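Enquirer: See upload_22.cif below, with mmCIF, N, CA and C atoms.
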```
data_query
loop_
_atom_site.label_atom_id
_atom_site.label_comp_id
_atom_site.auth_asym_id
_atom_site.auth_seq_id
_atom_site.Cartn_x
_atom_site.Cartn_y
_atom_site.Cartn_z
N MET H 1 11.83 -2.51 -10.42
CA MET H 1 12.40 -1.56 -9.51
C MET H 1 12.19 -2.03 -8.07
N ALA H 2 13.23 -2.05 -7.29
CA ALA H 2 13.13 -2.47 -5.89
C ALA H 2 12.69 -1.29 -5.04
N VAL H 3 11.67 -1.52 -4.23
CA VAL H 3 11.14 -0.50 -3.34
C VAL H 3 11.00 -1.08 -1.93
N THR H 4 10.86 -0.21 -0.96
CA THR H 4 10.59 -0.61 0.42
C THR H 4 9.16 -0.25 0.74
N VAL H 5 8.43 -1.20 1.31
CA VAL H 5 7.03 -0.96 1.67
C VAL H 5 6.91 -1.01 3.18
N ARG H 6 6.41 0.06 3.76
CA ARG H 6 6.16 0.11 5.20
C ARG H 6 4.78 -0.47 5.46
N ILE H 7 4.74 -1.48 6.32
CA ILE H 7 3.51 -2.22 6.58
C ILE H 7 2.93 -1.77 7.92
N PRO H 8 1.65 -1.37 7.96
CA PRO H 8 1.05 -0.97 9.23
C PRO H 8 0.86 -2.18 10.14
N THR H 9 0.79 -1.94 11.42
CA THR H 9 0.66 -3.01 12.41
C THR H 9 -0.47 -3.96 12.07
N ILE H 10 -1.59 -3.45 11.64
CA ILE H 10 -2.76 -4.30 11.38
C ILE H 10 -2.54 -5.29 10.23
N LEU H 11 -1.59 -5.02 9.35
CA LEU H 11 -1.32 -5.92 8.22
C LEU H 11 -0.07 -6.79 8.42
N ARG H 12 0.60 -6.63 9.53
CA ARG H 12 1.85 -7.36 9.75
C ARG H 12 1.66 -8.86 9.93
N SER H 13 0.44 -9.28 10.20
CA SER H 13 0.19 -10.73 10.28
C SER H 13 0.42 -11.38 8.92
N TYR H 14 0.29 -10.62 7.84
CA TYR H 14 0.54 -11.14 6.49
C TYR H 14 2.03 -11.21 6.17
N THR H 15 2.83 -10.37 6.84
CA THR H 15 4.26 -10.31 6.54
C THR H 15 5.11 -10.96 7.63
N GLY H 16 4.50 -11.80 8.43
CA GLY H 16 5.23 -12.47 9.49
C GLY H 16 5.74 -11.51 10.55
N GLY H 17 5.06 -10.39 10.72
CA GLY H 17 5.45 -9.40 11.72
C GLY H 17 6.38 -8.32 11.22
N ALA H 18 6.82 -8.42 9.97
CA ALA H 18 7.77 -7.43 9.44
C ALA H 18 7.11 -6.07 9.25
N ALA H 19 7.78 -5.03 9.73
CA ALA H 19 7.28 -3.66 9.58
C ALA H 19 7.62 -3.07 8.22
N GLU H 20 8.65 -3.60 7.58
CA GLU H 20 9.05 -3.18 6.25
C GLU H 20 9.41 -4.40 5.43
N VAL H 21 9.01 -4.38 4.17
CA VAL H 21 9.36 -5.46 3.26
C VAL H 21 9.81 -4.86 1.94
N ALA H 22 10.56 -5.64 1.20
CA ALA H 22 11.01 -5.22 -0.14
C ALA H 22 10.06 -5.80 -1.16
N ALA H 23 9.86 -5.06 -2.25
CA ALA H 23 9.02 -5.53 -3.34
C ALA H 23 9.55 -4.94 -4.64
N GLU H 24 9.11 -5.52 -5.74
CA GLU H 24 9.51 -5.05 -7.07
C GLU H 24 8.28 -4.53 -7.80
N GLY H 25 8.49 -3.55 -8.65
CA GLY H 25 7.42 -3.05 -9.50
C GLY H 25 7.72 -1.64 -9.97
N SER H 26 7.33 -1.35 -11.20
CA SER H 26 7.58 -0.02 -11.75
C SER H 26 6.46 0.96 -11.43
N ASN H 27 5.33 0.42 -10.93
CA ASN H 27 4.24 1.28 -10.47
C ASN H 27 3.57 0.62 -9.27
N LEU H 28 2.67 1.33 -8.63
CA LEU H 28 2.06 0.83 -7.40
C LEU H 28 1.29 -0.46 -7.62
N ALA H 29 0.58 -0.58 -8.73
CA ALA H 29 -0.17 -1.80 -9.01
C ALA H 29 0.76 -3.02 -9.07
N GLU H 30 1.92 -2.87 -9.71
CA GLU H 30 2.87 -3.97 -9.79
C GLU H 30 3.46 -4.30 -8.42
N VAL H 31 3.68 -3.29 -7.60
CA VAL H 31 4.20 -3.52 -6.25
C VAL H 31 3.17 -4.30 -5.43
N ILE H 32 1.90 -3.93 -5.54
CA ILE H 32 0.85 -4.64 -4.80
C ILE H 32 0.75 -6.08 -5.29
N ASP H 33 0.90 -6.30 -6.58
CA ASP H 33 0.91 -7.67 -7.12
C ASP H 33 2.09 -8.46 -6.54
N ALA H 34 3.25 -7.83 -6.45
CA ALA H 34 4.43 -8.49 -5.88
C ALA H 34 4.21 -8.80 -4.40
N LEU H 35 3.60 -7.87 -3.68
CA LEU H 35 3.29 -8.12 -2.27
C LEU H 35 2.36 -9.32 -2.14
N GLU H 36 1.34 -9.37 -2.98
CA GLU H 36 0.38 -10.48 -2.92
C GLU H 36 1.06 -11.80 -3.21
N SER H 37 2.02 -11.80 -4.12
CA SER H 37 2.75 -13.02 -4.45
C SER H 37 3.56 -13.52 -3.26
N SER H 38 4.17 -12.60 -2.54
CA SER H 38 5.00 -12.95 -1.39
C SER H 38 4.20 -13.11 -0.09
N TYR H 39 3.12 -12.34 0.01
CA TYR H 39 2.32 -12.31 1.24
C TYR H 39 0.84 -12.43 0.89
N PRO H 40 0.40 -13.64 0.55
CA PRO H 40 -0.98 -13.85 0.10
C PRO H 40 -2.01 -13.28 1.08
N GLY H 41 -2.99 -12.59 0.51
CA GLY H 41 -4.08 -12.01 1.28
C GLY H 41 -3.95 -10.52 1.52
N ILE H 42 -2.74 -9.99 1.32
CA ILE H 42 -2.54 -8.57 1.61
C ILE H 42 -3.26 -7.67 0.59
N ARG H 43 -3.35 -8.11 -0.66
CA ARG H 43 -4.02 -7.31 -1.69
C ARG H 43 -5.46 -6.99 -1.29
N ALA H 44 -6.17 -7.99 -0.78
CA ALA H 44 -7.59 -7.80 -0.41
C ALA H 44 -7.76 -6.80 0.73
N ARG H 45 -6.72 -6.58 1.49
CA ARG H 45 -6.79 -5.60 2.58
C ARG H 45 -6.49 -4.19 2.08
N VAL H 46 -5.85 -4.08 0.91
CA VAL H 46 -5.47 -2.77 0.36
C VAL H 46 -6.42 -2.36 -0.77
N LEU H 47 -6.85 -3.33 -1.59
CA LEU H 47 -7.73 -3.04 -2.72
C LEU H 47 -9.13 -3.59 -2.47
N ASP H 48 -10.14 -2.92 -3.02
CA ASP H 48 -11.51 -3.41 -2.89
C ASP H 48 -11.80 -4.43 -3.98
N ASP H 49 -13.04 -4.92 -4.03
CA ASP H 49 -13.41 -5.95 -5.00
C ASP H 49 -13.30 -5.50 -6.45
N SER H 50 -13.35 -4.19 -6.68
CA SER H 50 -13.22 -3.69 -8.05
C SER H 50 -11.77 -3.38 -8.42
N GLY H 51 -10.83 -3.65 -7.49
CA GLY H 51 -9.42 -3.44 -7.79
C GLY H 51 -8.93 -2.04 -7.53
N LYS H 52 -9.72 -1.22 -6.84
CA LYS H 52 -9.32 0.15 -6.49
C LYS H 52 -8.87 0.20 -5.05
N LEU H 53 -8.08 1.22 -4.73
CA LEU H 53 -7.67 1.38 -3.34
C LEU H 53 -8.89 1.48 -2.44
N ARG H 54 -8.84 0.77 -1.33
CA ARG H 54 -9.94 0.85 -0.38
C ARG H 54 -10.08 2.27 0.13
N ARG H 55 -11.30 2.64 0.41
CA ARG H 55 -11.62 4.01 0.80
C ARG H 55 -10.84 4.46 2.04
N PHE H 56 -10.65 3.56 3.00
CA PHE H 56 -10.02 3.95 4.25
C PHE H 56 -8.57 3.48 4.36
N VAL H 57 -7.93 3.31 3.21
CA VAL H 57 -6.51 2.97 3.18
C VAL H 57 -5.80 4.07 2.38
N ASN H 58 -4.82 4.67 2.99
CA ASN H 58 -4.03 5.70 2.32
C ASN H 58 -2.69 5.10 1.95
N VAL H 59 -2.23 5.41 0.75
CA VAL H 59 -0.93 4.91 0.29
C VAL H 59 -0.11 6.10 -0.20
N TYR H 60 1.13 6.12 0.26
CA TYR H 60 2.05 7.19 -0.10
C TYR H 60 3.27 6.59 -0.78
N VAL H 61 3.71 7.24 -1.84
CA VAL H 61 4.97 6.90 -2.49
C VAL H 61 5.87 8.11 -2.27
N ASN H 62 6.94 7.88 -1.51
CA ASN H 62 7.86 8.98 -1.16
C ASN H 62 7.11 10.19 -0.61
N ASP H 63 6.20 9.97 0.31
CA ASP H 63 5.44 11.01 1.01
C ASP H 63 4.38 11.69 0.14
N ASP H 64 4.13 11.20 -1.06
CA ASP H 64 3.09 11.76 -1.92
C ASP H 64 1.88 10.82 -1.91
N ASP H 65 0.72 11.35 -1.55
CA ASP H 65 -0.52 10.57 -1.52
C ASP H 65 -0.87 10.17 -2.96
N VAL H 66 -0.97 8.88 -3.21
CA VAL H 66 -1.22 8.41 -4.58
C VAL H 66 -2.60 8.80 -5.09
N ARG H 67 -3.52 9.12 -4.20
CA ARG H 67 -4.86 9.56 -4.64
C ARG H 67 -4.78 10.89 -5.39
N PHE H 68 -3.74 11.67 -5.10
CA PHE H 68 -3.55 12.95 -5.77
C PHE H 68 -2.48 12.87 -6.84
N ALA H 69 -2.00 11.66 -7.09
CA ALA H 69 -1.03 11.42 -8.15
C ALA H 69 -1.73 10.59 -9.22
N GLU H 70 -1.17 9.45 -9.55
CA GLU H 70 -1.71 8.60 -10.61
C GLU H 70 -2.41 7.36 -10.07
N GLY H 71 -2.72 7.35 -8.77
CA GLY H 71 -3.38 6.18 -8.19
C GLY H 71 -2.50 4.95 -8.30
N LEU H 72 -3.08 3.85 -8.73
CA LEU H 72 -2.32 2.60 -8.84
C LEU H 72 -1.26 2.66 -9.94
N ALA H 73 -1.38 3.62 -10.83
CA ALA H 73 -0.38 3.80 -11.90
C ALA H 73 0.79 4.67 -11.46
N THR H 74 0.79 5.12 -10.21
CA THR H 74 1.87 5.96 -9.71
C THR H 74 3.21 5.23 -9.85
N GLU H 75 4.17 5.90 -10.46
CA GLU H 75 5.48 5.32 -10.69
C GLU H 75 6.20 5.05 -9.36
N THR H 76 6.88 3.93 -9.29
CA THR H 76 7.67 3.57 -8.11
C THR H 76 9.11 3.35 -8.58
N LYS H 77 9.90 4.39 -8.50
CA LYS H 77 11.29 4.32 -8.93
C LYS H 77 12.10 3.48 -7.96
N ASP H 78 13.22 2.98 -8.45
CA ASP H 78 14.12 2.18 -7.64
C ASP H 78 14.47 2.94 -6.35
N GLY H 79 14.31 2.27 -5.22
CA GLY H 79 14.61 2.88 -3.93
C GLY H 79 13.46 3.65 -3.31
N ALA H 80 12.32 3.70 -3.97
CA ALA H 80 11.17 4.43 -3.44
C ALA H 80 10.71 3.82 -2.12
N ALA H 81 10.13 4.67 -1.27
CA ALA H 81 9.54 4.22 -0.02
C ALA H 81 8.02 4.33 -0.14
N ILE H 82 7.34 3.22 0.07
CA ILE H 82 5.88 3.20 -0.01
C ILE H 82 5.35 2.96 1.39
N SER H 83 4.38 3.77 1.79
CA SER H 83 3.75 3.61 3.09
C SER H 83 2.27 3.31 2.90
N ILE H 84 1.81 2.25 3.57
CA ILE H 84 0.39 1.90 3.58
C ILE H 84 -0.12 2.31 4.95
N ILE H 85 -1.11 3.20 4.98
CA ILE H 85 -1.59 3.74 6.24
C ILE H 85 -3.10 3.63 6.30
N PRO H 86 -3.62 2.83 7.23
CA PRO H 86 -5.07 2.77 7.39
C PRO H 86 -5.56 4.10 7.97
N ALA H 87 -6.66 4.61 7.42
CA ALA H 87 -7.23 5.85 7.92
C ALA H 87 -7.83 5.61 9.30
N VAL H 88 -7.75 6.63 10.13
CA VAL H 88 -8.29 6.54 11.46
C VAL H 88 -9.52 7.44 11.52
N ALA H 89 -10.63 6.88 11.96
CA ALA H 89 -11.88 7.64 12.06
C ALA H 89 -12.28 7.73 13.52
N GLY H 90 -13.11 8.66 13.79
CA GLY H 90 -13.62 8.79 15.15
C GLY H 90 -13.42 10.20 15.65
N GLY H 91 -13.66 10.39 16.90
CA GLY H 91 -13.50 11.72 17.46
C GLY H 91 -14.05 11.76 18.87
N CYS H 92 -14.09 12.94 19.39
CA CYS H 92 -14.57 13.13 20.76
C CYS H 92 -16.07 13.36 20.75
N ARG H 93 -16.65 12.99 21.84
CA ARG H 93 -18.10 13.22 21.98
C ARG H 93 -18.35 14.30 22.97
#
```
Written as structure tokens, that's how I'd like the structure from this file.
Expert:
Amino acid sequence: MAVTVRIPTILRSYTGGAAEVAAEGSNLAEVIDALESSYPGIRARVLDDSGKLRRFVNVYVNDDDVRFAEGLATETKDGAAISIIPAVAGGCR
């Protein structure tokens, strides 16, 4: 299934500056594998050493947070929009 992946600024060095890239996969894990094949090194920025989503990286499939869906098994239908969003921490003092 062809999907569009929105790449945050901090990861665009892996995609040659592209803000959006196309990838194939029937679920999020397959899409991340496809991204890694095309853009080596990006997987390590999204997944931790145990292969789970990094704690401070949020991923949405069609505006649905995958942490509240099926995680890496979340289905990615043809034409789906995937957004990778690094969490922002901090606050006022």
Enquirer: Looking only at strand (DSSP E) from DSSP on the backbone, list the matching residues of chain H as a short mmCIF file (atom, residue, chain, number, x, y, z; two decimals) with N, CA and C atoms, keeping the file's coordinate frame.
Expert:
```
data_model
loop_
_atom_site.label_atom_id
_atom_site.label_comp_id
_atom_site.auth_asym_id
_atom_site.auth_seq_id
_atom_site.Cartn_x
_atom_site.Cartn_y
_atom_site.Cartn_z
N ALA H 2 13.23 -2.05 -7.29
CA ALA H 2 13.13 -2.47 -5.89
C ALA H 2 12.69 -1.29 -5.04
N VAL H 3 11.67 -1.52 -4.23
CA VAL H 3 11.14 -0.50 -3.34
C VAL H 3 11.00 -1.08 -1.93
N THR H 4 10.86 -0.21 -0.96
CA THR H 4 10.59 -0.61 0.42
C THR H 4 9.16 -0.25 0.74
N VAL H 5 8.43 -1.20 1.31
CA VAL H 5 7.03 -0.96 1.67
C VAL H 5 6.91 -1.01 3.18
N ARG H 6 6.41 0.06 3.76
CA ARG H 6 6.16 0.11 5.20
C ARG H 6 4.78 -0.47 5.46
N GLU H 20 8.65 -3.60 7.58
CA GLU H 20 9.05 -3.18 6.25
C GLU H 20 9.41 -4.40 5.43
N VAL H 21 9.01 -4.38 4.17
CA VAL H 21 9.36 -5.46 3.26
C VAL H 21 9.81 -4.86 1.94
N ALA H 22 10.56 -5.64 1.20
CA ALA H 22 11.01 -5.22 -0.14
C ALA H 22 10.06 -5.80 -1.16
N ALA H 23 9.86 -5.06 -2.25
CA ALA H 23 9.02 -5.53 -3.34
C ALA H 23 9.55 -4.94 -4.64
N GLU H 24 9.11 -5.52 -5.74
CA GLU H 24 9.51 -5.05 -7.07
C GLU H 24 8.28 -4.53 -7.80
N VAL H 57 -7.93 3.31 3.21
CA VAL H 57 -6.51 2.97 3.18
C VAL H 57 -5.80 4.07 2.38
N ASN H 58 -4.82 4.67 2.99
CA ASN H 58 -4.03 5.70 2.32
C ASN H 58 -2.69 5.10 1.95
N VAL H 59 -2.23 5.41 0.75
CA VAL H 59 -0.93 4.91 0.29
C VAL H 59 -0.11 6.10 -0.20
N TYR H 60 1.13 6.12 0.26
CA TYR H 60 2.05 7.19 -0.10
C TYR H 60 3.27 6.59 -0.78
N VAL H 61 3.71 7.24 -1.84
CA VAL H 61 4.97 6.90 -2.49
C VAL H 61 5.87 8.11 -2.27
N ASP H 64 4.13 11.20 -1.06
CA ASP H 64 3.09 11.76 -1.92
C ASP H 64 1.88 10.82 -1.91
N ASP H 65 0.72 11.35 -1.55
CA ASP H 65 -0.52 10.57 -1.52
C ASP H 65 -0.87 10.17 -2.96
N ALA H 81 10.13 4.67 -1.27
CA ALA H 81 9.54 4.22 -0.02
C ALA H 81 8.02 4.33 -0.14
N ILE H 82 7.34 3.22 0.07
CA ILE H 82 5.88 3.20 -0.01
C ILE H 82 5.35 2.96 1.39
N SER H 83 4.38 3.77 1.79
CA SER H 83 3.75 3.61 3.09
C SER H 83 2.27 3.31 2.90
N ILE H 84 1.81 2.25 3.57
CA ILE H 84 0.39 1.90 3.58
C ILE H 84 -0.12 2.31 4.95
N ILE H 85 -1.11 3.20 4.98
CA ILE H 85 -1.59 3.74 6.24
C ILE H 85 -3.10 3.63 6.30
N PRO H 86 -3.62 2.83 7.23
CA PRO H 86 -5.07 2.77 7.39
C PRO H 86 -5.56 4.10 7.97
#
```
Enquirer: With all atoms listed in the file as the counted atoms, please give the residues lying no more than 7 Å from range 71-81 of chain H, apart from itself and same-chain residues fewer than 5 positions off, as a PDB file with N, CA and C atoms, keeping the file's coordinate frame.
Expert:
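Final file, out.pdb:
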```pdb
ATOM      1  N   MET H   1      11.830  -2.510 -10.420  1.00  0.00           N
ATOM      2  CA  MET H   1      12.400  -1.560  -9.510  1.00  0.00           C
ATOM      3  C   MET H   1      12.190  -2.030  -8.070  1.00  0.00           C
ATOM      4  N   ALA H   2      13.230  -2.050  -7.290  1.00  0.00           N
ATOM      5  CA  ALA H   2      13.130  -2.470  -5.890  1.00  0.00           C
ATOM      6  C   ALA H   2      12.690  -1.290  -5.040  1.00  0.00           C
ATOM      7  N   VAL H   3      11.670  -1.520  -4.230  1.00  0.00           N
ATOM      8  CA  VAL H   3      11.140  -0.500  -3.340  1.00  0.00           C
ATOM      9  C   VAL H   3      11.000  -1.080  -1.930  1.00  0.00           C
ATOM     10  N   THR H   4      10.860  -0.210  -0.960  1.00  0.00           N
ATOM     11  CA  THR H   4      10.590  -0.610   0.420  1.00  0.00           C
ATOM     12  C   THR H   4       9.160  -0.250   0.740  1.00  0.00           C
ATOM     13  N   VAL H   5       8.430  -1.200   1.310  1.00  0.00           N
ATOM     14  CA  VAL H   5       7.030  -0.960   1.670  1.00  0.00           C
ATOM     15  C   VAL H   5       6.910  -1.010   3.180  1.00  0.00           C
ATOM     16  N   ARG H   6       6.410   0.060   3.760  1.00  0.00           N
ATOM     17  CA  ARG H   6       6.160   0.110   5.200  1.00  0.00           C
ATOM     18  C   ARG H   6       4.780  -0.470   5.460  1.00  0.00           C
ATOM     19  N   GLY H  25       8.490  -3.550  -8.650  1.00  0.00           N
ATOM     20  CA  GLY H  25       7.420  -3.050  -9.500  1.00  0.00           C
ATOM     21  C   GLY H  25       7.720  -1.640  -9.970  1.00  0.00           C
ATOM     22  N   SER H  26       7.330  -1.350 -11.200  1.00  0.00           N
ATOM     23  CA  SER H  26       7.580  -0.020 -11.750  1.00  0.00           C
ATOM     24  C   SER H  26       6.460   0.960 -11.430  1.00  0.00           C
ATOM     25  N   ASN H  27       5.330   0.420 -10.930  1.00  0.00           N
ATOM     26  CA  ASN H  27       4.240   1.280 -10.470  1.00  0.00           C
ATOM     27  C   ASN H  27       3.570   0.620  -9.270  1.00  0.00           C
ATOM     28  N   LEU H  28       2.670   1.330  -8.630  1.00  0.00           N
ATOM     29  CA  LEU H  28       2.060   0.830  -7.400  1.00  0.00           C
ATOM     30  C   LEU H  28       1.290  -0.460  -7.620  1.00  0.00           C
ATOM     31  N   ALA H  29       0.580  -0.580  -8.730  1.00  0.00           N
ATOM     32  CA  ALA H  29      -0.170  -1.800  -9.010  1.00  0.00           C
ATOM     33  C   ALA H  29       0.760  -3.020  -9.070  1.00  0.00           C
ATOM     34  N   GLU H  30       1.920  -2.870  -9.710  1.00  0.00           N
ATOM     35  CA  GLU H  30       2.870  -3.970  -9.790  1.00  0.00           C
ATOM     36  C   GLU H  30       3.460  -4.300  -8.420  1.00  0.00           C
ATOM     37  N   LEU H  53      -8.080   1.220  -4.730  1.00  0.00           N
ATOM     38  CA  LEU H  53      -7.670   1.380  -3.340  1.00  0.00           C
ATOM     39  C   LEU H  53      -8.890   1.480  -2.440  1.00  0.00           C
ATOM     40  N   TYR H  60       1.130   6.120   0.260  1.00  0.00           N
ATOM     41  CA  TYR H  60       2.050   7.190  -0.100  1.00  0.00           C
ATOM     42  C   TYR H  60       3.270   6.590  -0.780  1.00  0.00           C
ATOM     43  N   VAL H  61       3.710   7.240  -1.840  1.00  0.00           N
ATOM     44  CA  VAL H  61       4.970   6.900  -2.490  1.00  0.00           C
ATOM     45  C   VAL H  61       5.870   8.110  -2.270  1.00  0.00           C
ATOM     46  N   ASN H  62       6.940   7.880  -1.510  1.00  0.00           N
ATOM     47  CA  ASN H  62       7.860   8.980  -1.160  1.00  0.00           C
ATOM     48  C   ASN H  62       7.110  10.190  -0.610  1.00  0.00           C
ATOM     49  N   ASP H  63       6.200   9.970   0.310  1.00  0.00           N
ATOM     50  CA  ASP H  63       5.440  11.010   1.010  1.00  0.00           C
ATOM     51  C   ASP H  63       4.380  11.690   0.140  1.00  0.00           C
ATOM     52  N   ASP H  65       0.720  11.350  -1.550  1.00  0.00           N
ATOM     53  CA  ASP H  65      -0.520  10.570  -1.520  1.00  0.00           C
ATOM     54  C   ASP H  65      -0.870  10.170  -2.960  1.00  0.00           C
ATOM     55  N   VAL H  66      -0.970   8.880  -3.210  1.00  0.00           N
ATOM     56  CA  VAL H  66      -1.220   8.410  -4.580  1.00  0.00           C
ATOM     57  C   VAL H  66      -2.600   8.800  -5.090  1.00  0.00           C
TER      58      VAL H  66
END
```
Enquirer: Would you please extract all alpha helix (DSSP H) residues from range 36-86 of chain H, as assigned by DSSP on the backbone, and give them as a PyMOL selection string?
Expert: chain H and resi 36-38+42-46
Enquirer: If you measure from atom C of Glu24 in chain H to CA of Tyr39 in chain H, what distance in Å do you get, rounded to one decimal?
Expert: 13.3 Å
Enquirer: Just want the 7 Å neighbourhood of Tyr14 in chain H, counted on all atoms listed in the file, with same-chain residues fewer than 4 positions away dropped. Output as a list in words.
Expert: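 So, after excluding close chain neighbours, the residues are Ile10, Ala18, Ser38, Tyr39, Pro40, Gly41 and Ile42 of chain H.
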Enquirer: Using only N, CA and C atoms, which of H:Val31, H:Ile7, H:Ser50, H:Gly16 sits nearest Ile85 in chain H?
Expert: H:Ile7
Enquirer: Step by step, work through what the PyMOL selection byres ((chain H and resi 56) around 8) selects in the shown file, and finish by giving those residues as a list in words.
Expert: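 This file, filtered by the PyMOL selection byres ((chain H and resi 56) around 8), leaves Leu53, Arg54, Arg55, Val57, Asn58, Val59, Ile85, Pro86, Ala87 and Val88 of chain H.
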Enquirer: Please, what distance in Å, to one decimal, runs between CA of Pro8 in chain H and atom N of Ser83 in chain H?
Expert: 9.4 Å
Enquirer: How many Å lie between atom N of Asp64 in chain H and atom C of Thr9 in chain H, rounded to one decimal?
Expert: 20.6 Å
Enquirer: Using all atoms of range 7-12 of chain H that appear in the file, construct an axis-aligned enclosing box with 5 Å of padding on every side and provide its centre coordinates and edge lengths in Å, rounded to one decimal, as AutoDock Vina command-line options.
Expert:
```
--center_x 1.0 --center_y -4.9 --center_z 9.4 --size_x 17.5 --size_y 17.9 --size_z 16.1
```
Enquirer: Could you check which of H:Leu35, H:Arg45, H:Ile84, H:Lys52 is closest to Ala22 in chain H, using all atoms listed in the file?
Expert: H:Leu35
Enquirer: May I ask you to restore N, CA, C and O atoms in range 54-71 of chain H and write the result as a tab-separated table (two decimals), in the frame of the given file?
Expert:
```tsv
chain	number	residue	atom	x	y	z
H	54	ARG	N	-8.84	0.77	-1.33
H	54	ARG	CA	-9.94	0.85	-0.38
H	54	ARG	C	-10.08	2.27	0.13
H	54	ARG	O	-9.10	3.00	0.25
H	55	ARG	N	-11.30	2.64	0.41
H	55	ARG	CA	-11.62	4.01	0.80
H	55	ARG	C	-10.84	4.46	2.04
H	55	ARG	O	-10.42	5.61	2.14
H	56	PHE	N	-10.65	3.56	3.00
H	56	PHE	CA	-10.02	3.95	4.25
H	56	PHE	C	-8.57	3.48	4.36
H	56	PHE	O	-8.06	3.28	5.45
H	57	VAL	N	-7.93	3.31	3.21
H	57	VAL	CA	-6.51	2.97	3.18
H	57	VAL	C	-5.80	4.07	2.38
H	57	VAL	O	-6.17	4.35	1.24
H	58	ASN	N	-4.82	4.67	2.99
H	58	ASN	CA	-4.03	5.70	2.32
H	58	ASN	C	-2.69	5.10	1.95
H	58	ASN	O	-2.09	4.37	2.74
H	59	VAL	N	-2.23	5.41	0.75
H	59	VAL	CA	-0.93	4.91	0.29
H	59	VAL	C	-0.11	6.10	-0.20
H	59	VAL	O	-0.60	6.95	-0.94
H	60	TYR	N	1.13	6.12	0.26
H	60	TYR	CA	2.05	7.19	-0.10
H	60	TYR	C	3.27	6.59	-0.78
H	60	TYR	O	3.78	5.56	-0.36
H	61	VAL	N	3.71	7.24	-1.84
H	61	VAL	CA	4.97	6.90	-2.49
H	61	VAL	C	5.87	8.11	-2.27
H	61	VAL	O	5.57	9.21	-2.73
H	62	ASN	N	6.94	7.88	-1.51
H	62	ASN	CA	7.86	8.98	-1.16
H	62	ASN	C	7.11	10.19	-0.61
H	62	ASN	O	7.29	11.31	-1.05
H	63	ASP	N	6.20	9.97	0.31
H	63	ASP	CA	5.44	11.01	1.01
H	63	ASP	C	4.38	11.69	0.14
H	63	ASP	O	3.78	12.67	0.58
H	64	ASP	N	4.13	11.20	-1.06
H	64	ASP	CA	3.09	11.76	-1.92
H	64	ASP	C	1.88	10.82	-1.91
H	64	ASP	O	2.01	9.63	-2.23
H	65	ASP	N	0.72	11.35	-1.55
H	65	ASP	CA	-0.52	10.57	-1.52
H	65	ASP	C	-0.87	10.17	-2.96
H	65	ASP	O	-1.07	11.03	-3.82
H	66	VAL	N	-0.97	8.88	-3.21
H	66	VAL	CA	-1.22	8.41	-4.58
H	66	VAL	C	-2.60	8.80	-5.09
H	66	VAL	O	-2.82	8.84	-6.29
H	67	ARG	N	-3.52	9.12	-4.20
H	67	ARG	CA	-4.86	9.56	-4.64
H	67	ARG	C	-4.78	10.89	-5.39
H	67	ARG	O	-5.64	11.21	-6.18
H	68	PHE	N	-3.74	11.67	-5.10
H	68	PHE	CA	-3.55	12.95	-5.77
H	68	PHE	C	-2.48	12.87	-6.84
H	68	PHE	O	-2.09	13.87	-7.42
H	69	ALA	N	-2.00	11.66	-7.09
H	69	ALA	CA	-1.03	11.42	-8.15
H	69	ALA	C	-1.73	10.59	-9.22
H	69	ALA	O	-2.78	10.97	-9.71
H	70	GLU	N	-1.17	9.45	-9.55
H	70	GLU	CA	-1.71	8.60	-10.61
H	70	GLU	C	-2.41	7.36	-10.07
H	70	GLU	O	-2.62	6.41	-10.80
H	71	GLY	N	-2.72	7.35	-8.77
H	71	GLY	CA	-3.38	6.18	-8.19
H	71	GLY	C	-2.50	4.95	-8.30
H	71	GLY	O	-1.30	5.01	-8.03
```
